>>> print(open('query05.cif').read())   # mmCIF, N, CA and C atoms
data_data
loop_
_atom_site.group_PDB
_atom_site.id
_atom_site.type_symbol
_atom_site.label_atom_id
_atom_site.label_comp_id
_atom_site.auth_asym_id
_atom_site.auth_seq_id
_atom_site.Cartn_x
_atom_site.Cartn_y
_atom_site.Cartn_z
ATOM 1 N N MET A 1 9.429 -81.157 59.894
ATOM 2 C CA MET A 1 8.465 -80.133 59.529
ATOM 3 C C MET A 1 9.106 -78.787 59.825
ATOM 4 N N ALA A 2 9.420 -78.044 58.816
ATOM 5 C CA ALA A 2 10.069 -76.747 58.977
ATOM 6 C C ALA A 2 9.093 -75.721 59.536
ATOM 7 N N ASN A 3 9.626 -74.831 60.398
ATOM 8 C CA ASN A 3 8.817 -73.767 60.978
ATOM 9 C C ASN A 3 7.537 -74.300 61.612
ATOM 10 N N ALA A 4 7.678 -75.284 62.478
ATOM 11 C CA ALA A 4 6.523 -75.863 63.150
ATOM 12 C C ALA A 4 6.578 -75.519 64.628
ATOM 13 N N LYS A 5 5.412 -75.539 65.216
ATOM 14 C CA LYS A 5 5.350 -75.364 66.659
ATOM 15 C C LYS A 5 4.501 -76.480 67.213
ATOM 16 N N THR A 6 4.592 -76.712 68.491
ATOM 17 C CA THR A 6 3.836 -77.773 69.136
ATOM 18 C C THR A 6 2.632 -77.169 69.832
ATOM 19 N N LEU A 7 1.472 -77.732 69.522
ATOM 20 C CA LEU A 7 0.235 -77.298 70.168
ATOM 21 C C LEU A 7 -0.247 -78.381 71.107
ATOM 22 N N GLU A 8 -0.873 -77.968 72.176
ATOM 23 C CA GLU A 8 -1.503 -78.928 73.066
ATOM 24 C C GLU A 8 -3.004 -78.839 72.837
ATOM 25 N N LEU A 9 -3.588 -79.963 72.476
ATOM 26 C CA LEU A 9 -5.016 -80.029 72.176
ATOM 27 C C LEU A 9 -5.675 -81.008 73.126
ATOM 28 N N ASN A 10 -6.908 -80.719 73.487
ATOM 29 C CA ASN A 10 -7.655 -81.609 74.354
ATOM 30 C C ASN A 10 -8.812 -82.195 73.558
ATOM 31 N N ILE A 11 -8.807 -83.510 73.433
ATOM 32 C CA ILE A 11 -9.862 -84.208 72.705
ATOM 33 C C ILE A 11 -10.388 -85.320 73.597
ATOM 34 N N LEU A 12 -11.641 -85.273 73.854
ATOM 35 C CA LEU A 12 -12.337 -86.245 74.704
ATOM 36 C C LEU A 12 -11.610 -86.419 76.037
ATOM 37 N N GLU A 13 -11.308 -85.270 76.643
ATOM 38 C CA GLU A 13 -10.707 -85.188 77.970
ATOM 39 C C GLU A 13 -9.298 -85.771 78.044
ATOM 40 N N ARG A 14 -8.630 -85.850 76.891
ATOM 41 C CA ARG A 14 -7.232 -86.284 76.861
ATOM 42 C C ARG A 14 -6.419 -85.220 76.138
ATOM 43 N N ASP A 15 -5.219 -84.975 76.645
ATOM 44 C CA ASP A 15 -4.341 -83.982 76.045
ATOM 45 C C ASP A 15 -3.425 -84.635 75.015
ATOM 46 N N TYR A 16 -3.277 -83.944 73.897
ATOM 47 C CA TYR A 16 -2.406 -84.394 72.820
ATOM 48 C C TYR A 16 -1.495 -83.243 72.429
ATOM 49 N N ARG A 17 -0.217 -83.543 72.257
ATOM 50 C CA ARG A 17 0.742 -82.556 71.770
ATOM 51 C C ARG A 17 1.025 -82.909 70.320
ATOM 52 N N VAL A 18 0.766 -81.951 69.421
ATOM 53 C CA VAL A 18 0.948 -82.201 67.994
ATOM 54 C C VAL A 18 1.752 -81.067 67.370
ATOM 55 N N ASN A 19 2.527 -81.415 66.367
ATOM 56 C CA ASN A 19 3.262 -80.406 65.603
ATOM 57 C C ASN A 19 2.311 -79.727 64.637
ATOM 58 N N CYS A 20 2.536 -78.447 64.438
ATOM 59 C CA CYS A 20 1.668 -77.656 63.580
ATOM 60 C C CYS A 20 2.509 -76.630 62.837
ATOM 61 N N PRO A 21 2.318 -76.515 61.504
ATOM 62 C CA PRO A 21 3.063 -75.482 60.764
ATOM 63 C C PRO A 21 2.681 -74.090 61.249
ATOM 64 N N ASP A 22 3.643 -73.187 61.229
ATOM 65 C CA ASP A 22 3.353 -71.798 61.595
ATOM 66 C C ASP A 22 2.212 -71.266 60.737
ATOM 67 N N GLY A 23 1.295 -70.575 61.373
ATOM 68 C CA GLY A 23 0.177 -69.976 60.658
ATOM 69 C C GLY A 23 -1.042 -70.862 60.564
ATOM 70 N N ALA A 24 -0.919 -72.126 60.942
ATOM 71 C CA ALA A 24 -2.059 -73.049 60.829
ATOM 72 C C ALA A 24 -2.650 -73.395 62.193
ATOM 73 N N GLU A 25 -2.249 -72.674 63.215
ATOM 74 C CA GLU A 25 -2.695 -73.004 64.568
ATOM 75 C C GLU A 25 -4.206 -72.896 64.717
ATOM 76 N N ALA A 26 -4.797 -71.834 64.205
ATOM 77 C CA ALA A 26 -6.245 -71.624 64.363
ATOM 78 C C ALA A 26 -7.031 -72.741 63.672
ATOM 79 N N GLU A 27 -6.576 -73.117 62.460
ATOM 80 C CA GLU A 27 -7.280 -74.187 61.738
ATOM 81 C C GLU A 27 -7.170 -75.512 62.478
ATOM 82 N N LEU A 28 -5.989 -75.796 63.028
ATOM 83 C CA LEU A 28 -5.811 -77.052 63.753
ATOM 84 C C LEU A 28 -6.648 -77.063 65.032
ATOM 85 N N ARG A 29 -6.687 -75.944 65.728
ATOM 86 C CA ARG A 29 -7.524 -75.875 66.936
ATOM 87 C C ARG A 29 -9.009 -76.043 66.574
ATOM 88 N N HIS A 30 -9.413 -75.438 65.464
ATOM 89 C CA HIS A 30 -10.797 -75.584 64.999
ATOM 90 C C HIS A 30 -11.093 -77.050 64.667
ATOM 91 N N ALA A 31 -10.172 -77.706 63.988
ATOM 92 C CA ALA A 31 -10.344 -79.126 63.637
ATOM 93 C C ALA A 31 -10.430 -79.984 64.899
ATOM 94 N N ALA A 32 -9.608 -79.670 65.884
ATOM 95 C CA ALA A 32 -9.628 -80.433 67.136
ATOM 96 C C ALA A 32 -10.953 -80.240 67.867
ATOM 97 N N ARG A 33 -11.478 -79.004 67.875
ATOM 98 C CA ARG A 33 -12.787 -78.760 68.507
ATOM 99 C C ARG A 33 -13.884 -79.543 67.789
ATOM 100 N N TYR A 34 -13.831 -79.537 66.457
ATOM 101 C CA TYR A 34 -14.824 -80.262 65.662
ATOM 102 C C TYR A 34 -14.758 -81.759 65.964
ATOM 103 N N LEU A 35 -13.547 -82.311 65.967
ATOM 104 C CA LEU A 35 -13.376 -83.729 66.270
ATOM 105 C C LEU A 35 -13.849 -84.039 67.686
ATOM 106 N N ASN A 36 -13.511 -83.185 68.624
ATOM 107 C CA ASN A 36 -13.945 -83.388 70.000
ATOM 108 C C ASN A 36 -15.472 -83.418 70.098
ATOM 109 N N GLU A 37 -16.140 -82.505 69.391
ATOM 110 C CA GLU A 37 -17.602 -82.475 69.398
ATOM 111 C C GLU A 37 -18.185 -83.764 68.828
ATOM 112 N N LYS A 38 -17.632 -84.225 67.709
ATOM 113 C CA LYS A 38 -18.133 -85.446 67.074
ATOM 114 C C LYS A 38 -17.905 -86.660 67.971
ATOM 115 N N MET A 39 -16.736 -86.726 68.585
ATOM 116 C CA MET A 39 -16.449 -87.849 69.471
ATOM 117 C C MET A 39 -17.332 -87.811 70.711
ATOM 118 N N ALA A 40 -17.574 -86.615 71.241
ATOM 119 C CA ALA A 40 -18.450 -86.481 72.410
ATOM 120 C C ALA A 40 -19.880 -86.899 72.061
ATOM 121 N N GLU A 41 -20.351 -86.556 70.851
ATOM 122 C CA GLU A 41 -21.688 -86.974 70.411
ATOM 123 C C GLU A 41 -21.791 -88.503 70.368
ATOM 124 N N ILE A 42 -20.769 -89.149 69.843
ATOM 125 C CA ILE A 42 -20.769 -90.611 69.753
ATOM 126 C C ILE A 42 -20.726 -91.223 71.139
ATOM 127 N N LYS A 43 -19.895 -90.666 72.017
ATOM 128 C CA LYS A 43 -19.788 -91.170 73.396
ATOM 129 C C LYS A 43 -21.130 -91.044 74.111
ATOM 130 N N THR A 44 -21.780 -89.883 73.950
ATOM 131 C CA THR A 44 -23.084 -89.667 74.595
ATOM 132 C C THR A 44 -24.143 -90.602 74.035
ATOM 133 N N ALA A 45 -24.183 -90.753 72.718
ATOM 134 C CA ALA A 45 -25.176 -91.632 72.097
ATOM 135 C C ALA A 45 -24.979 -93.076 72.536
ATOM 136 N N SER A 46 -23.735 -93.524 72.595
ATOM 137 C CA SER A 46 -23.497 -94.909 73.006
ATOM 138 C C SER A 46 -23.828 -95.097 74.477
ATOM 139 N N SER A 47 -23.523 -94.087 75.269
ATOM 140 C CA SER A 47 -23.834 -94.155 76.702
ATOM 141 C C SER A 47 -25.345 -94.195 76.920
ATOM 142 N N ASN A 48 -26.077 -93.371 76.151
ATOM 143 C CA ASN A 48 -27.540 -93.366 76.251
ATOM 144 C C ASN A 48 -28.140 -94.699 75.810
ATOM 145 N N ALA A 49 -27.437 -95.412 74.952
ATOM 146 C CA ALA A 49 -27.900 -96.724 74.483
ATOM 147 C C ALA A 49 -27.435 -97.839 75.418
ATOM 148 N N GLY A 50 -26.771 -97.460 76.505
ATOM 149 C CA GLY A 50 -26.322 -98.448 77.482
ATOM 150 C C GLY A 50 -25.026 -99.133 77.109
ATOM 151 N N LYS A 51 -24.278 -98.544 76.186
ATOM 152 C CA LYS A 51 -23.007 -99.125 75.759
ATOM 153 C C LYS A 51 -21.864 -98.244 76.239
ATOM 154 N N VAL A 52 -20.766 -98.883 76.543
ATOM 155 C CA VAL A 52 -19.562 -98.149 76.911
ATOM 156 C C VAL A 52 -18.517 -98.455 75.843
ATOM 157 N N LEU A 53 -18.177 -97.442 75.069
ATOM 158 C CA LEU A 53 -17.191 -97.617 74.006
ATOM 159 C C LEU A 53 -15.858 -97.034 74.445
ATOM 160 N N GLY A 54 -14.795 -97.690 74.037
ATOM 161 C CA GLY A 54 -13.455 -97.181 74.310
ATOM 162 C C GLY A 54 -13.140 -95.994 73.417
ATOM 163 N N THR A 55 -12.165 -95.225 73.831
ATOM 164 C CA THR A 55 -11.767 -94.035 73.073
ATOM 165 C C THR A 55 -11.340 -94.396 71.656
ATOM 166 N N ASP A 56 -10.628 -95.512 71.504
ATOM 167 C CA ASP A 56 -10.183 -95.913 70.164
ATOM 168 C C ASP A 56 -11.375 -96.171 69.248
ATOM 169 N N ARG A 57 -12.376 -96.866 69.746
ATOM 170 C CA ARG A 57 -13.557 -97.168 68.926
ATOM 171 C C ARG A 57 -14.321 -95.884 68.599
ATOM 172 N N ILE A 58 -14.444 -95.002 69.573
ATOM 173 C CA ILE A 58 -15.105 -93.715 69.340
ATOM 174 C C ILE A 58 -14.363 -92.932 68.265
ATOM 175 N N ALA A 59 -13.030 -92.945 68.328
ATOM 176 C CA ALA A 59 -12.225 -92.209 67.340
ATOM 177 C C ALA A 59 -12.419 -92.784 65.940
ATOM 178 N N VAL A 60 -12.472 -94.108 65.828
ATOM 179 C CA VAL A 60 -12.656 -94.734 64.513
ATOM 180 C C VAL A 60 -14.044 -94.411 63.965
ATOM 181 N N ILE A 61 -15.061 -94.482 64.789
ATOM 182 C CA ILE A 61 -16.425 -94.159 64.339
ATOM 183 C C ILE A 61 -16.495 -92.698 63.896
ATOM 184 N N ALA A 62 -15.893 -91.800 64.677
ATOM 185 C CA ALA A 62 -15.879 -90.380 64.313
ATOM 186 C C ALA A 62 -15.138 -90.183 62.994
ATOM 187 N N ALA A 63 -14.002 -90.845 62.825
ATOM 188 C CA ALA A 63 -13.235 -90.723 61.583
ATOM 189 C C ALA A 63 -14.050 -91.222 60.392
ATOM 190 N N LEU A 64 -14.755 -92.324 60.562
ATOM 191 C CA LEU A 64 -15.602 -92.842 59.480
ATOM 192 C C LEU A 64 -16.721 -91.867 59.137
ATOM 193 N N ASN A 65 -17.367 -91.315 60.151
ATOM 194 C CA ASN A 65 -18.451 -90.357 59.911
ATOM 195 C C ASN A 65 -17.947 -89.102 59.204
ATOM 196 N N ILE A 66 -16.832 -88.581 59.653
ATOM 197 C CA ILE A 66 -16.274 -87.367 59.055
ATOM 198 C C ILE A 66 -15.818 -87.654 57.619
ATOM 199 N N THR A 67 -15.206 -88.812 57.402
ATOM 200 C CA THR A 67 -14.774 -89.192 56.056
ATOM 201 C C THR A 67 -15.968 -89.345 55.130
ATOM 202 N N HIS A 68 -17.037 -89.948 55.630
ATOM 203 C CA HIS A 68 -18.260 -90.102 54.834
ATOM 204 C C HIS A 68 -18.799 -88.736 54.424
ATOM 205 N N ASP A 69 -18.855 -87.811 55.378
ATOM 206 C CA ASP A 69 -19.321 -86.451 55.078
ATOM 207 C C ASP A 69 -18.428 -85.785 54.029
ATOM 208 N N LEU A 70 -17.116 -85.933 54.175
ATOM 209 C CA LEU A 70 -16.172 -85.337 53.231
ATOM 210 C C LEU A 70 -16.377 -85.899 51.824
ATOM 211 N N LEU A 71 -16.518 -87.212 51.715
ATOM 212 C CA LEU A 71 -16.701 -87.834 50.410
ATOM 213 C C LEU A 71 -18.005 -87.392 49.754
ATOM 214 N N GLN A 72 -19.056 -87.242 50.556
ATOM 215 C CA GLN A 72 -20.320 -86.745 50.009
ATOM 216 C C GLN A 72 -20.164 -85.321 49.479
ATOM 217 N N LEU A 73 -19.482 -84.476 50.224
ATOM 218 C CA LEU A 73 -19.251 -83.099 49.783
ATOM 219 C C LEU A 73 -18.414 -83.055 48.507
ATOM 220 N N GLN A 74 -17.395 -83.913 48.436
ATOM 221 C CA GLN A 74 -16.569 -83.948 47.230
ATOM 222 C C GLN A 74 -17.395 -84.392 46.027
ATOM 223 N N GLN A 75 -18.283 -85.362 46.227
ATOM 224 C CA GLN A 75 -19.134 -85.813 45.128
ATOM 225 C C GLN A 75 -20.088 -84.701 44.709
ATOM 226 N N GLN A 76 -20.664 -84.009 45.671
ATOM 227 C CA GLN A 76 -21.559 -82.895 45.351
ATOM 228 C C GLN A 76 -20.812 -81.800 44.602
ATOM 229 N N GLN A 77 -19.585 -81.530 45.018
ATOM 230 C CA GLN A 77 -18.784 -80.512 44.344
ATOM 231 C C GLN A 77 -18.493 -80.943 42.914
ATOM 232 N N GLY A 78 -18.178 -82.213 42.721
ATOM 233 C CA GLY A 78 -17.933 -82.726 41.377
ATOM 234 C C GLY A 78 -19.162 -82.609 40.505
ATOM 235 N N ASN A 79 -20.332 -82.943 41.075
ATOM 236 C CA ASN A 79 -21.585 -82.824 40.338
ATOM 237 C C ASN A 79 -21.864 -81.366 39.978
ATOM 238 N N SER A 80 -21.586 -80.466 40.907
ATOM 239 C CA SER A 80 -21.798 -79.040 40.645
ATOM 240 C C SER A 80 -20.861 -78.554 39.543
ATOM 241 N N SER A 81 -19.629 -79.030 39.559
ATOM 242 C CA SER A 81 -18.668 -78.639 38.523
ATOM 243 C C SER A 81 -19.133 -79.121 37.154
ATOM 244 N N GLU A 82 -19.654 -80.342 37.102
ATOM 245 C CA GLU A 82 -20.158 -80.866 35.829
ATOM 246 C C GLU A 82 -21.329 -80.024 35.328
ATOM 247 N N ARG A 83 -22.229 -79.667 36.225
ATOM 248 C CA ARG A 83 -23.375 -78.832 35.834
ATOM 249 C C ARG A 83 -22.922 -77.470 35.350
ATOM 250 N N LEU A 84 -21.946 -76.881 36.045
ATOM 251 C CA LEU A 84 -21.425 -75.578 35.614
ATOM 252 C C LEU A 84 -20.770 -75.672 34.238
ATOM 253 N N ASN A 85 -20.037 -76.741 34.005
ATOM 254 C CA ASN A 85 -19.419 -76.921 32.687
ATOM 255 C C ASN A 85 -20.480 -77.034 31.597
ATOM 256 N N LYS A 86 -21.566 -77.748 31.875
ATOM 257 C CA LYS A 86 -22.648 -77.871 30.899
ATOM 258 C C LYS A 86 -23.310 -76.518 30.639
ATOM 259 N N ILE A 87 -23.508 -75.743 31.697
ATOM 260 C CA ILE A 87 -24.104 -74.415 31.549
ATOM 261 C C ILE A 87 -23.181 -73.513 30.735
ATOM 262 N N HIS A 88 -21.879 -73.568 31.028
ATOM 263 C CA HIS A 88 -20.918 -72.781 30.251
ATOM 264 C C HIS A 88 -20.968 -73.167 28.785
ATOM 265 N N GLN A 89 -21.061 -74.456 28.513
ATOM 266 C CA GLN A 89 -21.125 -74.914 27.132
ATOM 267 C C GLN A 89 -22.396 -74.415 26.452
ATOM 268 N N MET A 90 -23.519 -74.438 27.178
ATOM 269 C CA MET A 90 -24.778 -73.939 26.620
ATOM 270 C C MET A 90 -24.679 -72.440 26.309
ATOM 271 N N ILE A 91 -24.050 -71.700 27.203
ATOM 272 C CA ILE A 91 -23.876 -70.256 26.986
ATOM 273 C C ILE A 91 -22.980 -70.014 25.777
ATOM 274 N N ASP A 92 -21.876 -70.757 25.709
ATOM 275 C CA ASP A 92 -20.980 -70.618 24.558
ATOM 276 C C ASP A 92 -21.705 -70.943 23.259
ATOM 277 N N ASP A 93 -22.498 -72.019 23.266
ATOM 278 C CA ASP A 93 -23.260 -72.393 22.067
ATOM 279 C C ASP A 93 -24.244 -71.294 21.682
ATOM 280 N N ALA A 94 -24.925 -70.734 22.682
ATOM 281 C CA ALA A 94 -25.898 -69.675 22.417
ATOM 282 C C ALA A 94 -25.205 -68.432 21.863
ATOM 283 N N LEU A 95 -24.049 -68.094 22.422
ATOM 284 C CA LEU A 95 -23.306 -66.939 21.924
ATOM 285 C C LEU A 95 -22.804 -67.180 20.501
ATOM 286 N N ASP A 96 -22.382 -68.394 20.222
ATOM 287 C CA ASP A 96 -21.939 -68.725 18.859
ATOM 288 C C ASP A 96 -23.104 -68.585 17.863
ATOM 289 N N LYS A 97 -24.282 -69.067 18.229
ATOM 290 C CA LYS A 97 -25.444 -68.966 17.370
ATOM 291 C C LYS A 97 -25.834 -67.496 17.163
ATOM 292 N N ASP A 98 -25.744 -66.719 18.250
ATOM 293 C CA ASP A 98 -26.085 -65.296 18.166
ATOM 294 C C ASP A 98 -25.119 -64.563 17.232
ATOM 295 N N SER A 99 -23.831 -64.873 17.342
ATOM 296 C CA SER A 99 -22.856 -64.203 16.486
ATOM 297 C C SER A 99 -23.033 -64.623 15.031
ATOM 298 N N GLN A 100 -23.483 -65.852 14.779
ATOM 299 C CA GLN A 100 -23.731 -66.313 13.425
ATOM 300 C C GLN A 100 -24.947 -65.605 12.817
ATOM 301 N N LEU A 101 -25.937 -65.311 13.672
ATOM 302 C CA LEU A 101 -27.131 -64.606 13.198
ATOM 303 C C LEU A 101 -26.790 -63.181 12.770
ATOM 304 N N GLU A 102 -25.815 -62.573 13.430
ATOM 305 C CA GLU A 102 -25.424 -61.195 13.111
ATOM 306 C C GLU A 102 -24.691 -61.119 11.781
ATOM 307 N N LEU A 103 -24.086 -62.216 11.354
ATOM 308 C CA LEU A 103 -23.343 -62.209 10.087
ATOM 309 C C LEU A 103 -24.325 -62.232 8.974
#
>>> encode(input="query05.cif", output="structure tokens")
Amino acid sequence: MANAKTLELNILERDYRVNCPDGAEAELRHAARYLNEKMAEIKTASSNAGKVLGTDRIAVIAALNITHDLLQLQQQQGNSSERLNKIHQMIDDALDKDSQLEL
């Protein structure tokens, strides 16, 4: 990885050293905070339910939840793009009809 630096991140009370491209440090730290929050929520919920989950299981559950959220957002974005394309087509059709009326 060219022009990378090593960041130390703390996730669920464990330190991780990861390579990061120059200029992406803030985004990576933000992602680590987000992941830490999600993992802590899962740990707390399982603890409140009387279960003790290992860090690996918590990480997999968090990854599944985050992936599910991402896929839903991508689907919503795709649906929005389709709607925008239909609206653009309707506008183009209306403008074509208007220009034909002027002739």
>>> select_by_dssp(input="query05.cif", residues="chain A", states="alpha helix (DSSP H)", output="PyMOL selection string")
chain A and resi 25-48+55-102
>>> atom_distance(input="query05.cif", atom1="CA of Glu13 (chain A)", atom2="CA of Glu37 (chain A)")
11.3 Å
>>> resolve_selection(input="query05.cif", expression="the PyMOL selection byres ((chain A and resi 4-9) around 8)", output="list in words")
Met1, Ala2, Asn3, Asn10, Ile11, Leu12, Glu13, Arg14, Asp15, Tyr16, Arg17, Val18, Asn19, Cys20, Pro21, Asp22, Gly23, Glu25, Leu28, Arg29, Ala32 and Arg33 of chain A
>>> atom_distance(input="query05.cif", atom1="atom N of Ile61 (chain A)", atom2="atom N of Asn79 (chain A)")
26.9 Å
>>> atom_distance(input="query05.cif", atom1="CA of Asn36 (chain A)", atom2="CA of Asp69 (chain A)")
16.2 Å
>>> select_by_dssp(input="query05.cif", residues="chain A", states="strand (DSSP E or B)", output="ChimeraX atom specification")
/A:4-11,14-21
>>> decode(input="query05.cif", residues="region 18-95 of chain A", atoms="C-alpha atoms", output="PDB file, in the first residue's frame")
ATOM      1  CA  VAL A  18      -4.013  -1.206  10.718  1.00  0.00           C
ATOM      2  CA  ASN A  19      -2.520   0.302   7.588  1.00  0.00           C
ATOM      3  CA  CYS A  20      -4.317   3.329   6.246  1.00  0.00           C
ATOM      4  CA  PRO A  21      -3.766   5.365   3.060  1.00  0.00           C
ATOM      5  CA  ASP A  22      -2.627   8.933   3.631  1.00  0.00           C
ATOM      6  CA  GLY A  23      -5.604  11.244   3.912  1.00  0.00           C
ATOM      7  CA  ALA A  24      -8.053   8.539   4.987  1.00  0.00           C
ATOM      8  CA  GLU A  25      -7.225   8.548   8.688  1.00  0.00           C
ATOM      9  CA  ALA A  26     -10.337  10.454   9.799  1.00  0.00           C
ATOM     10  CA  GLU A  27     -12.660   8.169   7.819  1.00  0.00           C
ATOM     11  CA  LEU A  28     -10.998   5.046   9.204  1.00  0.00           C
ATOM     12  CA  ARG A  29     -11.190   6.356  12.768  1.00  0.00           C
ATOM     13  CA  HIS A  30     -14.865   7.204  12.196  1.00  0.00           C
ATOM     14  CA  ALA A  31     -15.503   3.685  10.852  1.00  0.00           C
ATOM     15  CA  ALA A  32     -13.735   2.163  13.856  1.00  0.00           C
ATOM     16  CA  ARG A  33     -15.853   4.244  16.272  1.00  0.00           C
ATOM     17  CA  TYR A  34     -19.013   3.166  14.439  1.00  0.00           C
ATOM     18  CA  LEU A  35     -17.990  -0.498  14.543  1.00  0.00           C
ATOM     19  CA  ASN A  36     -17.059  -0.206  18.204  1.00  0.00           C
ATOM     20  CA  GLU A  37     -20.489   1.268  18.999  1.00  0.00           C
ATOM     21  CA  LYS A  38     -22.300  -1.506  17.119  1.00  0.00           C
ATOM     22  CA  MET A  39     -20.228  -4.219  18.765  1.00  0.00           C
ATOM     23  CA  ALA A  40     -20.746  -2.668  22.206  1.00  0.00           C
ATOM     24  CA  GLU A  41     -24.532  -2.598  21.584  1.00  0.00           C
ATOM     25  CA  ILE A  42     -24.493  -6.306  20.719  1.00  0.00           C
ATOM     26  CA  LYS A  43     -22.315  -7.133  23.739  1.00  0.00           C
ATOM     27  CA  THR A  44     -24.650  -5.193  26.051  1.00  0.00           C
ATOM     28  CA  ALA A  45     -27.799  -6.733  24.572  1.00  0.00           C
ATOM     29  CA  SER A  46     -26.423 -10.256  24.863  1.00  0.00           C
ATOM     30  CA  SER A  47     -25.230  -9.589  28.395  1.00  0.00           C
ATOM     31  CA  ASN A  48     -28.667  -8.236  29.351  1.00  0.00           C
ATOM     32  CA  ALA A  49     -30.172 -11.437  27.931  1.00  0.00           C
ATOM     33  CA  GLY A  50     -27.867 -13.482  30.158  1.00  0.00           C
ATOM     34  CA  LYS A  51     -25.586 -14.590  27.332  1.00  0.00           C
ATOM     35  CA  VAL A  52     -21.855 -14.185  27.080  1.00  0.00           C
ATOM     36  CA  LEU A  53     -20.696 -13.915  23.485  1.00  0.00           C
ATOM     37  CA  GLY A  54     -17.099 -14.058  22.351  1.00  0.00           C
ATOM     38  CA  THR A  55     -15.540 -11.160  20.493  1.00  0.00           C
ATOM     39  CA  ASP A  56     -15.470 -13.153  17.250  1.00  0.00           C
ATOM     40  CA  ARG A  57     -19.211 -13.842  17.402  1.00  0.00           C
ATOM     41  CA  ILE A  58     -19.944 -10.212  18.283  1.00  0.00           C
ATOM     42  CA  ALA A  59     -17.830  -9.087  15.310  1.00  0.00           C
ATOM     43  CA  VAL A  60     -19.670 -11.418  12.916  1.00  0.00           C
ATOM     44  CA  ILE A  61     -23.094 -10.277  14.157  1.00  0.00           C
ATOM     45  CA  ALA A  62     -22.028  -6.625  13.835  1.00  0.00           C
ATOM     46  CA  ALA A  63     -20.687  -7.266  10.321  1.00  0.00           C
ATOM     47  CA  LEU A  64     -23.963  -8.930   9.315  1.00  0.00           C
ATOM     48  CA  ASN A  65     -26.027  -6.061  10.723  1.00  0.00           C
ATOM     49  CA  ILE A  66     -23.901  -3.405   9.039  1.00  0.00           C
ATOM     50  CA  THR A  67     -23.933  -5.329   5.741  1.00  0.00           C
ATOM     51  CA  HIS A  68     -27.718  -5.660   5.943  1.00  0.00           C
ATOM     52  CA  ASP A  69     -28.039  -1.902   6.478  1.00  0.00           C
ATOM     53  CA  LEU A  70     -25.683  -1.210   3.556  1.00  0.00           C
ATOM     54  CA  LEU A  71     -27.606  -3.499   1.203  1.00  0.00           C
ATOM     55  CA  GLN A  72     -30.900  -1.865   2.166  1.00  0.00           C
ATOM     56  CA  LEU A  73     -29.451   1.584   1.465  1.00  0.00           C
ATOM     57  CA  GLN A  74     -28.086   0.432  -1.888  1.00  0.00           C
ATOM     58  CA  GLN A  75     -31.504  -0.952  -2.824  1.00  0.00           C
ATOM     59  CA  GLN A  76     -33.192   2.288  -1.777  1.00  0.00           C
ATOM     60  CA  GLN A  77     -30.669   4.260  -3.813  1.00  0.00           C
ATOM     61  CA  GLY A  78     -31.341   2.048  -6.826  1.00  0.00           C
ATOM     62  CA  ASN A  79     -35.085   2.537  -6.414  1.00  0.00           C
ATOM     63  CA  SER A  80     -34.587   6.298  -6.142  1.00  0.00           C
ATOM     64  CA  SER A  81     -32.460   6.297  -9.294  1.00  0.00           C
ATOM     65  CA  GLU A  82     -35.173   4.415 -11.175  1.00  0.00           C
ATOM     66  CA  ARG A  83     -37.802   6.909 -10.010  1.00  0.00           C
ATOM     67  CA  LEU A  84     -35.605   9.838 -11.027  1.00  0.00           C
ATOM     68  CA  ASN A  85     -35.074   8.310 -14.460  1.00  0.00           C
ATOM     69  CA  LYS A  86     -38.842   7.921 -14.878  1.00  0.00           C
ATOM     70  CA  ILE A  87     -39.402  11.532 -13.814  1.00  0.00           C
ATOM     71  CA  HIS A  88     -36.726  12.712 -16.255  1.00  0.00           C
ATOM     72  CA  GLN A  89     -38.411  10.745 -19.014  1.00  0.00           C
ATOM     73  CA  MET A  90     -41.795  12.276 -18.138  1.00  0.00           C
ATOM     74  CA  ILE A  91     -40.270  15.766 -18.229  1.00  0.00           C
ATOM     75  CA  ASP A  92     -38.589  15.057 -21.558  1.00  0.00           C
ATOM     76  CA  ASP A  93     -41.879  13.734 -22.965  1.00  0.00           C
ATOM     77  CA  ALA A  94     -43.745  16.804 -21.715  1.00  0.00           C
ATOM     78  CA  LEU A  95     -41.142  19.134 -23.213  1.00  0.00           C
TER      79      LEU A  95
END
